[in-house]
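Okay, query-v7.csv is below, CSV, C-alpha atoms and all ligand atoms:
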chain,number,residue,atom,x,y,z
Z,1,MET,CA,-117.0,69.0,69.6
Z,2,SER,CA,-115.5,70.2,66.3
Z,3,LYS,CA,-111.7,70.2,66.0
Z,4,THR,CA,-109.8,73.0,64.3
Z,5,VAL,CA,-107.1,71.8,61.8
Z,6,PHE,CA,-104.4,73.9,60.4
Z,7,ILE,CA,-102.9,72.3,57.3
Z,8,THR,CA,-100.0,73.5,55.1
Z,9,GLY,CA,-99.4,72.2,51.5
Z,10,ALA,CA,-103.1,71.4,50.9
Z,11,THR,CA,-102.9,72.3,47.2
Z,12,GLY,CA,-100.0,69.8,46.9
Z,13,TYR,CA,-99.8,66.1,46.1
Z,14,ILE,CA,-99.4,64.8,49.7
Z,15,GLY,CA,-101.4,67.6,51.3
Z,16,GLY,CA,-104.2,67.1,48.8
Z,17,GLN,CA,-104.5,63.5,49.8
Z,18,VAL,CA,-104.4,64.3,53.5
Z,19,LEU,CA,-107.1,67.0,53.0
Z,20,TYR,CA,-109.2,64.4,51.1
Z,21,GLU,CA,-108.9,62.1,54.2
Z,22,LEU,CA,-109.9,64.9,56.5
Z,23,LEU,CA,-113.0,65.7,54.3
Z,24,SER,CA,-113.9,62.0,54.1
Z,25,SER,CA,-113.8,61.6,57.9
Z,26,PRO,CA,-117.0,61.4,59.9
Z,27,ILE,CA,-115.5,64.0,62.2
Z,28,ASP,CA,-116.6,67.5,61.4
Z,29,PHE,CA,-113.2,69.2,61.2
Z,30,LYS,CA,-112.9,73.0,60.9
Z,31,ILE,CA,-110.1,73.2,58.3
Z,32,ASN,CA,-107.8,76.2,57.8
Z,33,ALA,CA,-105.4,75.7,55.0
Z,34,LEU,CA,-102.3,77.9,54.3
Z,35,VAL,CA,-102.4,78.9,50.6
Z,36,ARG,CA,-99.9,81.1,48.8
Z,37,THR,CA,-102.1,83.0,46.3
Z,38,GLN,CA,-105.7,84.2,46.0
Z,39,ALA,CA,-106.1,82.0,42.9
Z,40,LYS,CA,-105.1,78.9,44.9
Z,41,ALA,CA,-107.5,79.9,47.7
Z,42,ASP,CA,-110.4,80.3,45.2
Z,43,LEU,CA,-109.5,76.9,43.6
Z,44,LEU,CA,-109.4,75.1,47.0
Z,45,VAL,CA,-112.7,76.6,48.1
Z,46,LYS,CA,-114.3,75.7,44.8
Z,47,ARG,CA,-113.0,72.1,44.6
Z,48,THR,CA,-113.9,71.4,48.3
Z,49,ASN,CA,-117.4,73.0,48.0
Z,50,GLY,CA,-116.5,75.6,50.5
Z,51,LYS,CA,-115.4,73.1,53.2
Z,52,VAL,CA,-112.0,74.6,53.6
Z,53,ASN,CA,-111.1,78.1,54.9
Z,54,PRO,CA,-108.0,79.4,53.1
Z,55,VAL,CA,-105.4,81.3,55.0
Z,56,LEU,CA,-103.4,83.5,52.6
Z,57,GLY,CA,-99.7,83.3,53.3
Z,58,ASN,CA,-96.6,81.3,53.0
Z,59,LEU,CA,-94.1,79.5,55.3
Z,60,ASP,CA,-92.1,82.7,55.7
Z,61,ASP,CA,-95.1,84.5,57.2
Z,62,LEU,CA,-94.1,83.4,60.7
Z,63,SER,CA,-96.7,85.4,62.5
Z,64,ILE,CA,-99.4,83.7,60.6
Z,65,ILE,CA,-97.9,80.3,61.3
Z,66,LYS,CA,-97.7,81.1,65.0
Z,67,GLU,CA,-101.3,82.5,65.2
Z,68,GLN,CA,-102.7,79.4,63.4
Z,69,VAL,CA,-100.8,76.9,65.4
Z,70,SER,CA,-101.8,78.6,68.6
Z,71,ALA,CA,-105.5,78.5,67.7
Z,72,SER,CA,-105.6,74.9,66.3
Z,73,ASP,CA,-106.2,71.5,67.9
Z,74,ILE,CA,-104.5,69.7,65.0
Z,75,VAL,CA,-101.6,70.9,62.9
Z,76,ILE,CA,-100.6,69.0,59.7
Z,77,ASN,CA,-97.6,70.0,57.8
Z,78,THR,CA,-97.2,68.8,54.2
Z,79,ALA,CA,-95.6,71.9,52.5
Z,80,ASN,CA,-91.8,72.3,52.1
Z,81,VAL,CA,-90.4,69.8,54.6
Z,82,ASP,CA,-87.0,71.5,54.8
Z,83,HIS,CA,-88.3,75.0,55.8
Z,84,VAL,CA,-86.4,75.5,59.1
Z,85,PRO,CA,-87.8,79.0,60.1
Z,86,SER,CA,-91.4,77.8,60.0
Z,87,ALA,CA,-90.5,74.7,61.9
Z,88,GLU,CA,-88.8,76.8,64.6
Z,89,ILE,CA,-91.8,79.0,65.0
Z,90,LEU,CA,-94.1,76.0,65.0
Z,91,ALA,CA,-92.1,74.4,67.7
Z,92,ASP,CA,-92.0,77.6,69.8
Z,93,ALA,CA,-95.8,78.0,69.5
Z,94,LEU,CA,-96.5,74.4,70.4
Z,95,ILE,CA,-94.1,74.4,73.3
Z,96,ALA,CA,-95.8,77.5,74.7
Z,97,LYS,CA,-99.3,76.1,74.4
Z,98,GLN,CA,-101.4,75.1,77.4
Z,99,SER,CA,-104.1,73.1,75.4
Z,100,GLU,CA,-103.6,69.6,73.9
Z,101,THR,CA,-102.5,69.7,70.3
Z,102,ILE,CA,-101.7,67.0,67.7
Z,103,LEU,CA,-98.9,67.6,65.2
Z,104,ILE,CA,-98.4,65.4,62.2
Z,105,HIS,CA,-95.4,66.6,60.2
Z,106,THR,CA,-94.1,65.3,56.9
Z,107,SER,CA,-90.5,64.3,56.1
Z,108,GLY,CA,-89.1,61.9,53.5
Z,109,THR,CA,-86.9,58.9,53.4
Z,110,SER,CA,-84.1,60.8,51.7
Z,111,VAL,CA,-83.2,61.3,55.3
Z,112,ILE,CA,-81.8,57.7,55.3
Z,113,GLY,CA,-80.4,58.0,51.8
Z,114,ASP,CA,-76.7,57.2,51.2
Z,115,ALA,CA,-74.2,59.2,49.2
Z,116,VAL,CA,-74.5,59.7,45.4
Z,117,THR,CA,-71.3,58.4,44.0
Z,118,GLU,CA,-70.1,56.5,41.0
Z,119,LYS,CA,-68.9,53.7,43.2
Z,120,ASN,CA,-72.3,53.2,45.0
Z,121,SER,CA,-74.4,50.2,44.3
Z,122,ALA,CA,-77.4,48.4,45.8
Z,123,SER,CA,-77.2,48.4,49.6
Z,124,THR,CA,-78.4,45.8,52.0
Z,125,LYS,CA,-79.0,48.4,54.7
Z,126,VAL,CA,-82.7,48.4,55.7
Z,127,TYR,CA,-84.2,50.9,58.2
Z,128,SER,CA,-87.3,49.9,60.2
Z,129,ASP,CA,-89.1,52.7,62.0
Z,130,ILE,CA,-89.4,50.4,65.0
Z,131,TYR,CA,-86.2,48.4,65.1
Z,132,ASN,CA,-83.8,51.2,63.9
Z,133,ILE,CA,-85.5,54.1,65.6
Z,134,ASP,CA,-82.5,55.1,67.7
Z,135,GLU,CA,-80.4,55.3,64.6
Z,136,ILE,CA,-83.1,57.4,62.8
Z,137,ASN,CA,-83.2,59.7,65.8
Z,138,SER,CA,-79.5,60.3,65.7
Z,139,LEU,CA,-79.0,60.8,62.0
Z,140,PRO,CA,-76.6,63.7,61.2
Z,141,LEU,CA,-77.9,67.1,60.4
Z,142,GLU,CA,-76.3,66.9,57.0
Z,143,GLN,CA,-78.9,64.3,55.9
Z,144,PRO,CA,-81.8,65.7,53.8
Z,145,HIS,CA,-84.8,66.7,55.9
Z,146,ARG,CA,-83.0,66.0,59.2
Z,147,PRO,CA,-82.7,69.6,60.5
Z,148,VAL,CA,-86.5,70.0,60.5
Z,149,ASP,CA,-87.1,66.4,61.7
Z,150,LYS,CA,-84.9,67.2,64.7
Z,151,ILE,CA,-86.8,70.4,65.6
Z,152,VAL,CA,-90.1,68.6,65.4
Z,153,LEU,CA,-89.0,65.5,67.3
Z,154,GLU,CA,-88.0,67.6,70.3
Z,155,ILE,CA,-91.3,69.3,70.7
Z,156,GLU,CA,-93.1,66.7,72.7
Z,157,GLU,CA,-90.3,66.4,75.3
Z,158,LYS,CA,-90.6,70.1,75.9
Z,159,ASN,CA,-94.4,70.0,76.1
Z,160,PRO,CA,-96.1,66.6,76.6
Z,161,LYS,CA,-99.5,68.2,75.9
Z,162,THR,CA,-98.5,68.1,72.2
Z,163,LYS,CA,-98.6,64.7,70.6
Z,164,VAL,CA,-96.2,64.5,67.7
Z,165,ALA,CA,-95.8,62.1,64.7
Z,166,ILE,CA,-93.7,62.4,61.6
Z,167,VAL,CA,-94.8,60.6,58.4
Z,168,SER,CA,-91.7,60.1,56.3
Z,169,PRO,CA,-92.8,58.9,52.8
Z,170,SER,CA,-90.6,56.8,50.5
Z,171,ASN,CA,-91.1,57.1,46.8
Z,172,ILE,CA,-94.8,58.0,46.4
Z,173,VAL,CA,-96.6,56.9,43.3
Z,174,GLY,CA,-100.1,57.1,41.9
Z,175,VAL,CA,-102.5,59.9,41.2
Z,176,SER,CA,-103.9,61.4,44.4
Z,177,ASN,CA,-107.4,62.4,45.3
Z,178,GLY,CA,-106.2,65.9,45.9
Z,179,TYR,CA,-107.4,69.3,44.6
Z,180,ASP,CA,-104.6,70.9,42.6
Z,181,ASN,CA,-101.3,69.0,42.1
Z,182,THR,CA,-102.2,65.3,42.0
Z,183,ILE,CA,-98.8,63.9,40.8
Z,184,SER,CA,-95.6,62.9,42.6
Z,185,ILE,CA,-92.1,64.2,42.4
Z,186,GLN,CA,-89.4,61.6,41.6
Z,187,ILE,CA,-90.6,59.6,38.6
Z,188,PRO,CA,-92.3,62.6,36.9
Z,189,PHE,CA,-89.0,64.4,37.4
Z,190,LEU,CA,-87.2,61.6,35.6
Z,191,ILE,CA,-89.8,61.5,32.8
Z,192,ARG,CA,-89.8,65.3,32.2
Z,193,ASN,CA,-86.0,65.5,32.2
Z,194,SER,CA,-85.7,62.4,29.9
Z,195,ILE,CA,-87.9,64.1,27.4
Z,196,LYS,CA,-85.7,67.2,27.7
Z,197,ASN,CA,-82.6,65.1,27.4
Z,198,LYS,CA,-84.1,63.2,24.4
Z,199,LYS,CA,-82.9,60.1,26.2
Z,200,THR,CA,-83.9,58.4,29.5
Z,201,TRP,CA,-81.1,58.5,32.1
Z,202,SER,CA,-80.0,57.1,35.4
Z,203,VAL,CA,-77.7,58.5,38.0
Z,204,TYR,CA,-74.5,56.6,37.3
Z,205,SER,CA,-75.6,52.9,37.1
Z,206,GLY,CA,-78.9,53.5,38.7
Z,207,ASP,CA,-78.4,50.3,40.7
Z,208,TYR,CA,-79.8,51.7,44.0
Z,209,ILE,CA,-82.9,50.4,45.9
Z,210,TRP,CA,-85.8,52.4,47.3
Z,211,SER,CA,-89.0,51.5,49.0
Z,212,HIS,CA,-92.3,52.9,47.6
Z,213,ILE,CA,-95.9,53.5,48.5
Z,214,HIS,CA,-99.1,54.4,46.7
Z,215,ILE,CA,-100.4,57.9,47.6
Z,216,LYS,CA,-103.8,56.6,48.7
Z,217,ASP,CA,-102.1,54.1,51.1
Z,218,LEU,CA,-100.0,57.0,52.4
Z,219,GLY,CA,-103.2,59.0,53.0
Z,220,GLU,CA,-104.5,56.1,55.1
Z,221,ILE,CA,-101.4,56.3,57.3
Z,222,TYR,CA,-102.1,60.0,58.1
Z,223,ALA,CA,-105.7,59.1,58.9
Z,224,LEU,CA,-104.8,56.2,61.1
Z,225,ILE,CA,-102.3,58.3,63.1
Z,226,LEU,CA,-104.8,61.2,63.5
Z,227,ASN,CA,-107.6,58.9,64.6
Z,228,GLY,CA,-105.3,57.1,67.0
Z,229,PHE,CA,-104.4,60.4,68.7
Z,230,LEU,CA,-108.0,61.6,68.7
Z,231,GLU,CA,-109.2,58.4,70.3
Z,232,LYS,CA,-106.3,58.6,72.8
Z,233,LYS,CA,-105.0,55.1,71.7
Z,234,ASP,CA,-101.5,54.2,72.8
Z,235,ILE,CA,-99.8,54.7,69.4
Z,236,PRO,CA,-96.2,55.5,68.8
Z,237,HIS,CA,-95.5,59.2,69.3
Z,238,GLY,CA,-92.7,61.7,70.0
Z,239,ARG,CA,-89.3,60.2,69.4
Z,240,ASN,CA,-91.0,56.8,68.7
Z,241,GLY,CA,-93.6,58.4,66.4
Z,242,TYR,CA,-91.6,58.2,63.2
Z,243,TYR,CA,-93.8,56.5,60.6
Z,244,PHE,CA,-92.1,55.6,57.3
Z,245,GLY,CA,-94.5,56.0,54.5
Z,246,SER,CA,-93.5,52.6,53.1
Z,247,TYR,CA,-94.8,49.1,53.3
Z,248,GLY,CA,-93.7,47.1,56.3
Z,249,GLY,CA,-94.4,44.1,58.5
Z,250,LEU,CA,-92.4,41.7,56.3
Z,251,LYS,CA,-92.0,38.5,58.2
Z,252,ASP,CA,-88.5,36.9,58.5
Z,253,GLU,CA,-87.2,39.1,55.8
Z,254,LYS,CA,-84.0,38.0,54.2
Z,255,VAL,CA,-82.3,41.1,52.9
Z,256,THR,CA,-80.2,40.9,49.8
Z,257,THR,CA,-78.9,43.3,47.1
Z,258,LYS,CA,-82.1,42.5,45.1
Z,259,PRO,CA,-85.2,44.6,45.8
Z,260,SER,CA,-88.0,42.9,47.8
Z,261,GLU,CA,-91.6,43.0,46.6
Z,262,ILE,CA,-92.1,46.4,48.2
Z,263,GLU,CA,-89.0,48.0,46.6
Z,264,HIS,CA,-87.6,48.8,43.2
Z,265,THR,CA,-84.2,49.8,41.8
Z,266,TRP,CA,-84.0,53.2,40.2
Z,267,ARG,CA,-82.3,51.5,37.2
Z,268,SER,CA,-85.4,49.4,36.6
Z,269,VAL,CA,-87.5,52.5,36.7
Z,270,SER,CA,-85.2,54.2,34.2
Z,271,ASP,CA,-85.3,51.1,32.0
Z,272,ARG,CA,-89.1,51.0,32.1
Z,273,VAL,CA,-89.5,54.7,31.4
Z,274,ALA,CA,-87.1,54.4,28.5
Z,275,GLU,CA,-89.2,51.6,27.0
Z,276,LEU,CA,-92.4,53.5,27.4
Z,277,LEU,CA,-91.0,56.8,26.0
Z,278,TYR,CA,-89.5,54.8,23.1
Z,279,GLU,CA,-92.8,53.0,22.3
Z,280,LYS,CA,-94.5,56.4,22.2
Z,281,LYS,CA,-91.7,57.7,19.9
Z,282,ILE,CA,-90.8,60.4,22.3
Z,283,VAL,CA,-87.2,59.3,22.6
Z,284,PRO,CA,-85.2,57.7,19.7
Z,285,THR,CA,-83.7,54.9,21.7
Z,286,LYS,CA,-84.6,52.4,24.6
Z,287,GLU,CA,-81.0,52.9,25.9
Z,288,VAL,CA,-80.5,54.6,29.2
Z,289,ALA,CA,-77.8,57.2,29.5
Z,290,GLU,CA,-75.7,56.8,32.7
Z,291,LEU,CA,-75.2,60.5,33.7
Z,292,ASN,CA,-72.9,61.8,36.4
Z,293,TYR,CA,-73.8,64.2,39.3
Z,294,GLU,CA,-72.8,67.4,37.5
Z,295,GLU,CA,-74.5,66.4,34.2
Z,296,ILE,CA,-77.8,65.8,36.1
Z,297,VAL,CA,-77.6,69.1,38.0
Z,298,GLN,CA,-77.0,70.8,34.6
Z,299,LEU,CA,-79.8,69.0,32.8
Z,300,THR,CA,-82.4,69.4,35.5
Z,301,GLY,CA,-81.3,72.8,37.0
Z,302,ASP,CA,-81.9,71.2,40.4
Z,303,GLU,CA,-79.1,70.8,42.9
Z,304,PHE,CA,-81.1,68.0,44.6
Z,305,GLY,CA,-81.7,66.3,41.2
Z,306,PRO,CA,-79.2,63.5,41.5
Z,307,LYS,CA,-80.5,62.6,45.0
Z,308,TYR,CA,-84.0,62.0,43.8
Z,309,ILE,CA,-83.1,58.8,42.1
Z,310,GLY,CA,-79.4,58.3,42.9
Z,311,THR,CA,-79.4,56.8,46.4
Z,312,ASN,CA,-80.4,53.7,48.4
Z,313,SER,CA,-83.2,54.3,50.8
Z,314,ARG,CA,-84.7,51.0,52.0
Z,315,SER,CA,-87.4,51.8,54.6
Z,316,ARG,CA,-89.9,49.5,56.4
Z,317,GLY,CA,-93.0,51.2,57.7
Z,318,ASP,CA,-93.5,48.8,60.7
Z,319,ASN,CA,-95.1,51.5,62.9
Z,320,ALA,CA,-98.0,51.9,60.4
Z,321,VAL,CA,-98.6,48.1,60.4
Z,322,LYS,CA,-98.5,48.2,64.2
Z,323,ILE,CA,-101.4,50.8,64.3
Z,324,GLY,CA,-103.5,48.8,61.9
Z,325,PHE,CA,-102.4,49.9,58.4
Z,326,LYS,CA,-103.7,47.5,55.7
Z,327,PRO,CA,-102.3,48.6,52.3
Z,328,LYS,CA,-104.5,48.3,49.2
Z,329,TYR,CA,-101.9,49.0,46.5
Z,330,SER,CA,-98.7,47.3,47.7
Z,331,SER,CA,-98.2,44.7,44.9
Z,332,ILE,CA,-95.2,45.2,42.7
Z,333,GLU,CA,-97.5,44.9,39.6
Z,334,ASP,CA,-99.4,47.9,40.9
Z,335,TYR,CA,-96.1,49.9,41.2
Z,336,TRP,CA,-95.2,49.3,37.5
Z,337,LYS,CA,-98.8,50.3,36.5
Z,338,ARG,CA,-98.3,53.6,38.3
Z,339,VAL,CA,-95.0,54.2,36.4
Z,340,GLU,CA,-97.0,53.9,33.2
Z,341,GLU,CA,-99.6,56.2,34.6
Z,342,ASP,CA,-97.0,58.8,35.4
Z,343,VAL,CA,-95.7,58.7,31.8
Z,344,GLU,CA,-99.2,59.2,30.5
Z,345,TYR,CA,-99.8,62.0,33.0
Z,346,VAL,CA,-96.6,63.9,32.1
Z,347,LEU,CA,-97.2,63.6,28.4
Z,348,LYS,CA,-100.6,65.3,28.9
Z,349,GLU,CA,-99.0,68.2,30.8
Z,401,LIG,N1,-93.9,63.4,46.6
Z,401,LIG,C1,-93.0,62.6,47.2
Z,401,LIG,O1,-92.7,61.5,46.7
Z,401,LIG,C2,-92.4,63.1,48.5
Z,401,LIG,C3,-91.8,62.1,49.3
Z,401,LIG,C4,-91.3,62.5,50.5
Z,401,LIG,C5,-91.3,63.8,50.9
Z,401,LIG,N2,-91.8,64.7,50.1
Z,401,LIG,C6,-91.7,66.1,50.5
Z,401,LIG,O2,-93.0,66.5,51.0
Z,401,LIG,C7,-93.3,67.9,50.6
Z,401,LIG,C8,-94.5,68.0,49.8
Z,401,LIG,O3,-94.4,67.2,48.7
Z,401,LIG,P1,-95.5,67.1,47.6
Z,401,LIG,O4,-95.1,66.0,46.7
Z,401,LIG,O5,-96.8,67.1,48.1
Z,401,LIG,O6,-95.2,68.5,46.8
Z,401,LIG,P2,-96.1,69.5,46.0
Z,401,LIG,O7,-97.2,68.7,45.3
Z,401,LIG,O8,-95.2,70.4,45.2
Z,401,LIG,O9,-96.9,70.3,47.1
Z,401,LIG,C9,-96.2,71.3,47.9
Z,401,LIG,C10,-97.3,72.0,48.7
Z,401,LIG,O10,-96.7,72.9,49.6
Z,401,LIG,C11,-97.0,74.3,49.3
Z,401,LIG,N3,-95.8,75.1,49.5
Z,401,LIG,C12,-94.5,74.9,49.1
Z,401,LIG,N4,-93.7,75.8,49.5
Z,401,LIG,C13,-94.5,76.6,50.3
Z,401,LIG,C14,-94.2,77.8,51.1
Z,401,LIG,N5,-92.9,78.3,51.1
Z,401,LIG,N6,-95.2,78.4,51.7
Z,401,LIG,C15,-96.5,77.8,51.7
Z,401,LIG,N7,-96.8,76.7,51.0
Z,401,LIG,C16,-95.8,76.1,50.3
Z,401,LIG,C17,-97.4,74.2,47.8
Z,401,LIG,O11,-98.2,75.3,47.5
Z,401,LIG,P3,-98.4,75.8,45.9
Z,401,LIG,O12,-99.6,75.0,45.5
Z,401,LIG,O13,-98.7,77.2,46.0
Z,401,LIG,O14,-97.2,75.4,45.1
Z,401,LIG,C18,-98.1,72.9,47.8
Z,401,LIG,O15,-99.4,73.1,48.3
Z,401,LIG,C19,-92.0,68.4,49.9
Z,401,LIG,O16,-91.2,69.1,50.7
Z,401,LIG,C20,-91.4,67.1,49.4
Z,401,LIG,O17,-90.0,67.2,49.3
Z,401,LIG,C21,-92.4,64.4,48.9
For the file at hand, write its structure as structure tokens.
Amino acid sequence: MSKTVFITGATGYIGGQVLYELLSSPIDFKINALVRTQAKADLLVKRTNGKVNPVLGNLDDLSIIKEQVSASDIVINTANVDHVPSAEILADALIAKQSETILIHTSGTSVIGDAVTEKNSASTKVYSDIYNIDEINSLPLEQPHRPVDKIVLEIEEKNPKTKVAIVSPSNIVGVSNGYDNTISIQIPFLIRNSIKNKKTWSVYSGDYIWSHIHIKDLGEIYALILNGFLEKKDIPHGRNGYYFGSYGGLKDEKVTTKPSEIEHTWRSVSDRVAELLYEKKIVPTKEVAELNYEEIVQLTGDEFGPKYIGTNSRSRGDNAVKIGFKPKYSSIEDYWKRVEEDVEYVLKE
């Protein structure tokens, strides 16, 4: 029997990859996608050969969210992950539902990020989505993404007929198989604002460690979770269903202040972007400017700007490995190729 999917953010980077996974599945999903404008609706219909039914609206149209969630077997959220009112109405609708529903919500590993300060440096704190799950489930509400995570993680306890998973991506890289925006946030943000600044920059020293993942590997994690739920496999769900979108399964890992082969420092990204932009004669120097919090907010016009590349966030996606995730793009060489690709992509914009 065909399953009805309601997806938000389908014209976006993550949502586009997730939509690609849905359309590549042997299962004949009936897909309803929330889109903000008629132009985006037309574009999505055209690029998917009419396989997606656009639903015109946005996350503030709470009656549309409620109606779609109530009528769907599967809900996948990849639009603004900090939108509390839509998360609240989503939770209300799911808690009230009598039929079985699958919810896959998106978050982000800024949720485990530390403070942006001049004194900060590379941390040895690593979070596994299996071994540190209690800590993740009790993160303070002040952490980015945590208010919505908390709402979503309480749904299953209130209605066990809904199976809930959160995918929390680390730094995503690579061009996606999506249908509109196919490029990520963090590194393109650095590149665009380095061009604007006429010099590549870091947040203070930039010596902070993050995990990363290729967008196509991330898409596979969504597909594995969805298939696991549909096949009624005993996969982590509810409060245990927190899936970092990062590589995991490292055996006997010895954590130091140096990044492992599935991580990078933001300083090394700034250094590489500086080299690439200098080689292309876009900036006059290979030097990286160490900017402070206020300078970055001013340069980028984004209050969240310093947090994109100014914290430590070392995550281990052990749950994905547990459900059979086999990454295809996890080598560090691949990561640096994707940084080059981002520079090329931004320069063509
Ligand atoms: N990219 C990353 O590395 C990363 C990592 C972790 C978490 N995240 C989070 O995941 C979310 C999606 O990221 P992304 O990289 O896929 O971003 P994106 O490419 O900008 O896509 C966002 C999508 O959500 C839609 N959208 C945004 N606000 C909406 C609203 N109020 N109502 C309806 N639709 C709305 C956009 O529609 P339009 O096409 O109309 O703009 C687009 O389809 C963001 O909240 C982001 O912070 C991203």
Worksheet item: So which residues touch stretch 97-111 of chain Z within 6 Å, counting all atoms listed in the file, skipping near sequence neighbours fewer than 6 positions away, as a PyMOL selection string?
Response: chain Z and resi 73-78+81+143-145+161-170
Find the nearest atom pair between each residue of chain Z and ligand LIG 401 (chain Z) for residues within 6 Å, count only C-alpha atoms and all ligand atoms, give distances in Å to one decimal, sort rows by chain and ascending number, and present the table as CSV.
residue,atom,partner,partner_atom,distance
Z:Gly9,CA,Z:LIG401,O15,3.3
Z:Ala10,CA,Z:LIG401,O15,4.8
Z:Thr11,CA,Z:LIG401,O15,3.8
Z:Gly12,CA,Z:LIG401,O9,3.1
Z:Tyr13,CA,Z:LIG401,O5,3.7
Z:Ile14,CA,Z:LIG401,O5,3.8
Z:Gly15,CA,Z:LIG401,O5,5.6
Z:Arg36,CA,Z:LIG401,O13,4.9
Z:Asn58,CA,Z:LIG401,N6,3.5
Z:Leu59,CA,Z:LIG401,N6,3.9
Z:Thr78,CA,Z:LIG401,C8,5.2
Z:Ala79,CA,Z:LIG401,O10,3.3
Z:Asn80,CA,Z:LIG401,O16,3.5
Z:Val81,CA,Z:LIG401,O16,4.0
Z:Ser107,CA,Z:LIG401,C5,5.3
Z:Gly108,CA,Z:LIG401,C4,3.8
Z:Pro169,CA,Z:LIG401,C4,4.5
Z:Ser170,CA,Z:LIG401,C3,5.6
Z:Asn171,CA,Z:LIG401,O1,4.7
Z:Ile172,CA,Z:LIG401,O1,4.1
Z:Asn181,CA,Z:LIG401,O7,5.2
Z:Ser184,CA,Z:LIG401,N1,4.4
Z:Ile185,CA,Z:LIG401,N1,4.6
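Distance check against Z:Trp210 using all atoms listed in the file: of Z:Ala122, Z:Leu56, Z:Leu90, Z:Val152, the minimum falls on Z:Ala122.
The spacing separating atom CA of Z:Asp342 from atom CA of Z:Val297 amounts to 22.1 Å.
Proximity to Z:Ile89 was assessed for Z:Val148, Z:Thr37, Z:Ser313, Z:Lys119 counting all atoms listed in the file; the smallest distance is recorded for Z:Val148.
Nearest residue to Z:Asp134, choosing from Z:Lys254, Z:Arg239, Z:Lys196, Z:Lys326 and counting all atoms listed in the file: Z:Arg239.
Among the candidate residues Z:Ala93, Z:Val283, Z:Val255, Z:Val288, the one lying nearest to Z:Lys125 is Z:Val255, with distances computed using all atoms listed in the file.
Considering only C-alpha atoms, the residue among Z:Gln68, Z:Ser128, Z:Ser25, Z:Asn197 positioned nearest to Z:Gln298 is Z:Asn197.
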Discussion item. Please compute the atom CA of Z:Ala96-atom CA of Z:Phe244 distance, one decimal, in Å.
Written reply: 28.2 Å
Response to the item:
Counting all atoms listed in the file, closest pick from Z:Thr285, Z:Ser268, Z:Thr300, Z:Thr311 relative to Z:Lys198 is Z:Thr285
Worksheet item: By how many Å are atom CA of Z:Tyr308 and atom CA of Z:Ala115 apart?
Response: 11.5 Å
Worksheet item: Which residues, written as an MDAnalysis selection string, have at least one atom at most 12 Å from Z:Glu275, with only C-alpha atoms counted and residues fewer than 6 positions away on the same chain left out?
Response: chainID Z and resid 191 194 199:201 268:269 281:288 339:340 343
Those selected residues, please, written with C-alpha atoms and delivered as an mmCIF file, keeping the file's coordinate frame.
data_model
loop_
_atom_site.group_PDB
_atom_site.id
_atom_site.type_symbol
_atom_site.label_atom_id
_atom_site.label_comp_id
_atom_site.auth_asym_id
_atom_site.auth_seq_id
_atom_site.Cartn_x
_atom_site.Cartn_y
_atom_site.Cartn_z
ATOM 1 C CA ILE Z 191 -89.800 61.500 32.800
ATOM 2 C CA SER Z 194 -85.700 62.400 29.900
ATOM 3 C CA LYS Z 199 -82.900 60.100 26.200
ATOM 4 C CA THR Z 200 -83.900 58.400 29.500
ATOM 5 C CA TRP Z 201 -81.100 58.500 32.100
ATOM 6 C CA SER Z 268 -85.400 49.400 36.600
ATOM 7 C CA VAL Z 269 -87.500 52.500 36.700
ATOM 8 C CA LYS Z 281 -91.700 57.700 19.900
ATOM 9 C CA ILE Z 282 -90.800 60.400 22.300
ATOM 10 C CA VAL Z 283 -87.200 59.300 22.600
ATOM 11 C CA PRO Z 284 -85.200 57.700 19.700
ATOM 12 C CA THR Z 285 -83.700 54.900 21.700
ATOM 13 C CA LYS Z 286 -84.600 52.400 24.600
ATOM 14 C CA GLU Z 287 -81.000 52.900 25.900
ATOM 15 C CA VAL Z 288 -80.500 54.600 29.200
ATOM 16 C CA VAL Z 339 -95.000 54.200 36.400
ATOM 17 C CA GLU Z 340 -97.000 53.900 33.200
ATOM 18 C CA VAL Z 343 -95.700 58.700 31.800
#
Discussion item. Give me the residues near Z:Gly178 as a ChimeraX atom specification, where near means some atom within 6 Å (using all atoms listed in the file) and where sequence neighbours in that chain fewer than 3 positions away do not count.
Written reply: /Z:16-17,182
Item to complete: Do a neighbour search on Z:Ile262 at 12 Å with only C-alpha atoms, toss out local chain neighbours closer than 6 positions, and write the hits as a PyMOL selection string.
Response: chain Z and resi 170-171+209-214+245-250+253+314-317+327+329-336
Practice prompt. Might you pull out every residue within 7 Å of Z:Ile31, with only C-alpha atoms counted and same-chain residues fewer than 6 positions away left off, and present them as number ranges by chain?
Written response: Z: 4-6, 52-53
Could you dump the residues just selected with C-alpha atoms as a PDB file, in the frame of the given file?
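The result, written out as result26.pdb:
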ATOM      1  CA  THR Z   4    -109.800  73.000  64.300  1.00  0.00           C
ATOM      2  CA  VAL Z   5    -107.100  71.800  61.800  1.00  0.00           C
ATOM      3  CA  PHE Z   6    -104.400  73.900  60.400  1.00  0.00           C
ATOM      4  CA  VAL Z  52    -112.000  74.600  53.600  1.00  0.00           C
ATOM      5  CA  ASN Z  53    -111.100  78.100  54.900  1.00  0.00           C
TER       6      ASN Z  53
END
